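Undergrad: mmCIF, C-alpha atoms, saved as final_25.cif, coming up:
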data_work
loop_
_atom_site.label_atom_id
_atom_site.label_comp_id
_atom_site.auth_asym_id
_atom_site.auth_seq_id
_atom_site.Cartn_x
_atom_site.Cartn_y
_atom_site.Cartn_z
CA MET A 399 -9.40 0.48 10.32
CA ARG A 400 -12.15 -1.05 8.20
CA ARG A 401 -15.81 -0.07 8.49
CA SER A 402 -18.44 -2.73 8.12
CA TYR A 403 -22.10 -3.17 8.94
CA GLN A 404 -22.97 -6.65 10.05
CA ASP A 405 -26.70 -6.22 9.76
CA TYR A 406 -27.96 -4.75 6.48
CA GLU A 407 -31.50 -4.44 7.88
CA VAL A 408 -30.30 -2.09 10.62
CA LYS A 409 -28.57 0.07 8.00
CA LYS A 410 -31.70 0.04 5.82
CA SER A 411 -34.02 0.99 8.68
CA LEU A 412 -31.74 3.89 9.68
CA SER A 413 -31.95 5.34 6.17
CA ARG A 414 -35.78 5.27 6.32
CA ARG A 415 -36.02 7.16 9.62
CA ARG A 416 -37.35 10.67 9.35
CA ASP A 417 -35.77 11.96 12.58
CA ASN A 418 -32.04 12.47 12.79
CA PRO A 419 -30.52 9.68 14.85
CA LYS A 420 -27.94 10.64 17.42
CA LEU A 421 -24.37 9.44 17.14
CA LYS A 422 -22.60 8.42 20.33
CA VAL A 423 -18.83 8.13 20.57
CA SER A 424 -16.61 7.23 23.51
CA LEU A 425 -12.92 8.05 23.38
CA LYS A 426 -10.20 6.81 25.68
CA TYR A 427 -6.54 7.78 25.63
CA GLY A 428 -4.50 6.60 28.60
CA SER A 429 -6.38 7.72 31.69
CA LEU A 430 -8.43 10.31 29.79
CA GLU A 431 -11.90 9.25 28.76
CA SER A 432 -14.77 11.21 27.27
CA THR A 433 -18.13 10.55 25.61
CA CYS A 434 -20.20 12.66 23.24
CA GLU A 435 -23.68 12.19 21.83
CA GLY A 436 -25.18 14.38 19.14
CA SER A 437 -25.34 15.01 15.42
CA ALA A 438 -22.53 13.75 13.19
CA ASP A 439 -21.11 17.29 12.94
CA GLU A 440 -21.15 17.77 16.71
CA VAL A 441 -19.49 14.42 17.31
CA LEU A 442 -16.80 15.08 14.68
CA ARG A 443 -16.00 18.46 16.27
CA PHE A 444 -15.81 16.73 19.66
CA VAL A 445 -13.42 14.06 18.31
CA PHE A 446 -11.14 16.64 16.68
CA ASN A 447 -11.09 18.78 19.82
CA PHE A 448 -10.33 15.72 21.97
CA ILE A 449 -7.42 14.80 19.72
CA LYS A 450 -6.20 18.41 19.69
CA ASP A 451 -6.27 18.52 23.50
CA VAL A 452 -4.62 15.13 23.94
CA TYR A 453 -2.10 15.63 21.16
CA PRO A 454 -1.37 19.38 20.96
CA ASN A 455 0.72 19.02 17.80
CA TYR A 456 -2.21 17.42 15.97
CA GLU A 457 -3.05 20.63 14.11
CA ILE A 458 0.52 20.99 12.91
CA VAL A 459 0.80 17.31 11.94
CA SER A 460 -2.63 17.22 10.27
CA GLY A 461 -1.65 20.24 8.20
CA LEU A 462 1.31 18.26 6.86
CA THR A 463 -0.67 15.12 6.14
CA LEU A 464 -2.46 14.72 2.81
CA THR A 465 -5.90 13.15 3.28
CA VAL A 466 -8.93 12.71 1.05
CA ASP A 467 -11.99 14.84 1.73
CA LEU A 468 -14.44 12.04 0.92
CA GLU A 469 -17.55 14.21 1.06
CA ARG A 470 -16.03 16.72 -1.39
CA LEU A 471 -14.92 13.89 -3.68
CA LEU A 472 -18.35 12.26 -3.69
CA ARG A 473 -20.10 15.56 -4.38
CA GLY A 474 -17.75 16.14 -7.30
CA LEU A 475 -18.32 12.65 -8.69
CA LYS A 476 -22.11 13.03 -8.70
CA GLY A 477 -23.24 12.90 -12.31
CA VAL A 478 -19.72 11.95 -13.45
CA ILE A 479 -19.63 8.33 -12.33
CA SER A 480 -22.18 5.74 -11.36
CA PHE A 481 -21.99 2.20 -10.02
CA LEU A 482 -23.35 -0.95 -11.59
CA PRO A 483 -24.24 -3.98 -9.46
CA LYS A 484 -21.31 -5.30 -7.39
CA GLY A 485 -19.82 -1.79 -7.32
CA ARG A 486 -18.41 -1.72 -10.83
CA PRO A 487 -17.77 1.97 -11.66
CA VAL A 488 -18.92 3.54 -14.93
CA ILE A 489 -17.81 6.97 -16.11
CA LEU A 490 -20.88 8.78 -17.40
CA LYS A 491 -19.06 11.63 -19.13
CA ASP A 492 -17.15 11.63 -22.40
CA THR A 493 -13.55 10.55 -21.74
CA ASP A 494 -12.18 11.07 -25.27
CA GLU A 495 -10.25 14.19 -24.21
CA LEU A 496 -8.49 12.42 -21.32
CA THR A 497 -4.98 11.09 -21.70
CA ASP A 498 -4.43 7.40 -21.05
CA SER A 499 -2.97 8.21 -17.61
CA GLU A 500 -5.94 10.41 -16.73
CA LEU A 501 -8.40 7.72 -17.78
CA ILE A 502 -6.63 5.11 -15.64
CA LEU A 503 -6.57 7.53 -12.70
CA ALA A 504 -10.29 8.26 -13.16
CA TYR A 505 -11.17 4.57 -12.92
CA LEU A 506 -8.95 4.09 -9.88
CA VAL A 507 -10.57 7.10 -8.14
CA ALA A 508 -14.05 5.79 -8.99
CA THR A 509 -13.11 2.40 -7.55
CA TYR A 510 -11.73 4.04 -4.41
CA ALA A 511 -14.94 6.07 -3.98
CA GLY A 512 -17.08 2.96 -4.50
CA ASN A 513 -15.13 1.14 -1.81
CA GLN A 514 -15.42 4.05 0.63
CA ILE A 515 -19.22 4.13 0.35
CA GLY A 516 -19.57 0.36 0.55
CA MET A 517 -20.48 -0.21 -3.10
CA ALA A 518 -17.27 -2.04 -4.01
CA GLU A 519 -15.45 -4.67 -2.00
CA ASP A 520 -11.95 -3.59 -3.06
CA ASP A 521 -10.32 -0.19 -3.40
CA ASN A 522 -7.98 -1.39 -6.13
CA LEU A 523 -8.12 -2.65 -9.70
CA SER A 524 -6.14 -5.37 -11.37
CA MET A 525 -4.28 -4.86 -14.61
CA ALA A 526 -6.98 -6.99 -16.30
CA ASP A 527 -9.72 -4.70 -14.88
CA LEU A 528 -7.93 -1.62 -16.20
CA LEU A 529 -7.45 -3.19 -19.62
CA ASP A 530 -11.17 -4.00 -19.73
CA LYS A 531 -12.30 -0.54 -18.58
CA THR A 532 -9.92 1.60 -20.63
CA ARG A 533 -9.93 -0.57 -23.77
CA LYS A 534 -6.25 0.34 -24.21
CA PRO A 535 -3.42 -2.05 -25.21
CA ALA A 536 -1.62 -3.85 -22.38
CA GLY A 537 1.68 -2.12 -23.11
CA THR A 538 0.03 1.30 -22.91
CA VAL A 539 -1.72 0.57 -19.61
CA ALA A 540 1.43 -0.96 -18.09
CA GLY A 541 3.52 2.03 -19.17
CA ARG A 542 1.04 4.59 -17.84
CA LEU A 543 0.70 2.70 -14.55
CA SER A 544 4.47 2.74 -14.16
CA GLU A 545 4.46 6.51 -14.70
CA LEU A 546 1.55 7.03 -12.28
CA VAL A 547 3.37 4.97 -9.64
CA SER A 548 6.58 6.97 -10.09
CA GLU A 549 4.57 10.23 -9.81
CA LEU A 550 3.05 8.88 -6.53
CA TYR A 551 -0.52 9.11 -7.88
CA VAL A 552 -0.96 5.33 -7.74
CA GLU A 553 0.53 2.55 -5.64
CA ARG A 554 0.97 -1.10 -6.39
CA VAL A 555 -0.81 -3.21 -3.77
CA GLY A 556 -0.06 -6.71 -4.90
CA ARG A 557 0.71 -8.69 -7.95
CA GLY A 558 -0.87 -6.73 -10.80
CA LYS A 559 -3.16 -4.67 -8.53
CA TYR A 560 -3.17 -0.89 -8.23
CA ARG A 561 -4.80 1.66 -5.93
CA VAL A 562 -4.99 5.46 -6.12
CA THR A 563 -3.14 7.40 -3.42
CA ALA A 564 -4.41 10.48 -1.58
CA TYR A 565 -2.08 12.50 -3.81
CA GLY A 566 -3.66 10.87 -6.87
CA VAL A 567 -7.15 11.76 -5.65
CA LYS A 568 -5.99 15.35 -5.11
CA GLU A 569 -4.59 15.50 -8.66
CA PHE A 570 -7.81 13.99 -10.05
CA MET A 571 -10.02 16.47 -8.19
CA GLU A 572 -7.97 19.50 -9.21
CA GLU A 573 -7.04 18.67 -12.80
CA ILE A 574 -9.28 15.95 -14.25
CA LEU A 575 -12.66 16.20 -12.52
CA PRO A 576 -13.33 19.80 -13.61
CA ARG A 577 -12.82 18.79 -17.23
CA LEU A 578 -15.13 15.78 -16.85
CA GLU A 579 -17.80 17.92 -15.15
CA GLU A 580 -17.87 20.42 -18.01
CA GLY A 581 -17.85 17.73 -20.72
CA GLU A 582 -21.04 16.21 -22.02
#
Represent the structure contained in this file as structure tokens.
TA:
Amino acid sequence: MRRSYQDYEVKKSLSRRRDNPKLKVSLKYGSLESTCEGSADEVLRFVFNFIKDVYPNYEIVSGLTLTVDLERLLRGLKGVISFLPKGRPVILKDTDELTDSELILAYLVATYAGNQIGMAEDDNLSMADLLDKTRKPAGTVAGRLSELVSELYVERVGRGKYRVTAYGVKEFMEEILPRLEEGE
């Protein structure tokens, strides 16, 4: 499922509103149908409860599924990365202490985050993009990407294109982001 806003002006006017707009969601599963209107938190609780009622094993299954907590990721990235025009990510912190693999993973996570918030069109980077961003030799980047793919932190999504996995985001948030946050 891909999110998109057809009308930028509608999006812009919503961000200028002082009152909190209500979110309205209608759900239908077979013959069951329900609608909820309220704050984003209320609607999310409603959706999760609906799924839990319709699919009782949802809690068990969701506990076994690795997903990205986008809000937590974005909060962690604040002050660590920024986006240039066209969604190009820039790491604001010193990356000298990162290994080559960690640096590649950091740029892939930044690209993923940029895509999720609508700043970047793609959620992946090409080998050429990674060479440009990391300033590392092609053999080094190719070797580290191969390792990251085998460790399930990154997946190949086409000829010479790579995207971070949920497991890669988890690794980044637990191991790399804290070191970037404390670095100057």
Undergrad: Here's the selection I'm unsure about, the PyMOL selection byres ((chain A and resi 537-551) around 9); applied to the file above, which residues does it give, as an NGL selection string?
TA: :A and (498-499 or 502-503 or 525 or 528-529 or 532 or 534-536 or 552-554 or 560-569)
Undergrad: Carefully work through the PyMOL selection byres ((chain A and resi 434) around 12) for this structure and note down the residues it includes, as a list in words.
TA: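 Applying the expression gives Lys420, Leu421, Lys422, Val423, Ser424, Leu425, Lys426, Glu431, Ser432, Thr433, Glu435, Gly436, Ser437, Ala438, Asp439, Glu440, Val441, Leu442, Arg443, Phe444, Val445, Phe446, Asn447 and Phe448 of chain A.
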Undergrad: What is the CA of Asp520 in chain A to CA of Glu495 in chain A distance in Å?
TA: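 One can read the CA of Asp520 in chain A to CA of Glu495 in chain A distance as 27.7 Å.
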Undergrad: Out of A:Ala518, A:Ala511, A:Leu430, A:Ala526, which residue has the shortest atom-to-atom distance to Gly474 in chain A when counting all atoms listed in the file?
TA: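 With all atoms listed in the file as the atom set, the closest residue is A:Ala511.
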Undergrad: Using CA of Arg486 in chain A and CA of Arg577 in chain A as the two end points, give the distance in Å to one decimal.
TA: 22.2 Å
Undergrad: One decimal, Å: what's the distance from CA of Val478 in chain A over to CA of Gly558 in chain A, could you say?
TA: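 Atom-to-atom, CA of Val478 in chain A to CA of Gly558 in chain A, that is 26.7 Å.
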Undergrad: Using only C-alpha atoms, determine which residues lie at most 12 Å from Gly485 in chain A, disregarding the query and same-chain residues fewer than 5 positions distant; provide the list as a ChimeraX atom specification.
TA: /A:479-480,508-523
Undergrad: So that all listed atoms of range 552-561 of chain A fit with 3 Å spare on each side, what axis-aligned box centre and edge lengths in Å, to one decimal, would you give as JSON?
TA:
{"center_x": -1.9, "center_y": -1.7, "center_z": -7.3, "size_x": 11.8, "size_y": 20.0, "size_z": 13.0}
Undergrad: Using only C-alpha atoms for the distances, tell me which of A:Gly477, A:Gly556, A:Pro419, A:Gly428 is nearest to Gly581 in chain A.
TA: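 The closest residue to Gly581 in chain A is A:Gly477.
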Undergrad: Which of these residues is nearest to Leu496 in chain A, using all atoms listed in the file: A:Ile574, A:Asp467, A:Glu579, A:Leu482?
TA: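 Once distances to Leu496 in chain A are computed over all atoms listed in the file, the minimum belongs to A:Ile574.
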Undergrad: Counting all atoms listed in the file, which of A:Arg557, A:Lys476, A:Glu500, A:Asp492 gets nearest to Ser524 in chain A?
TA: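 Once distances to Ser524 in chain A are computed over all atoms listed in the file, the minimum belongs to A:Arg557.
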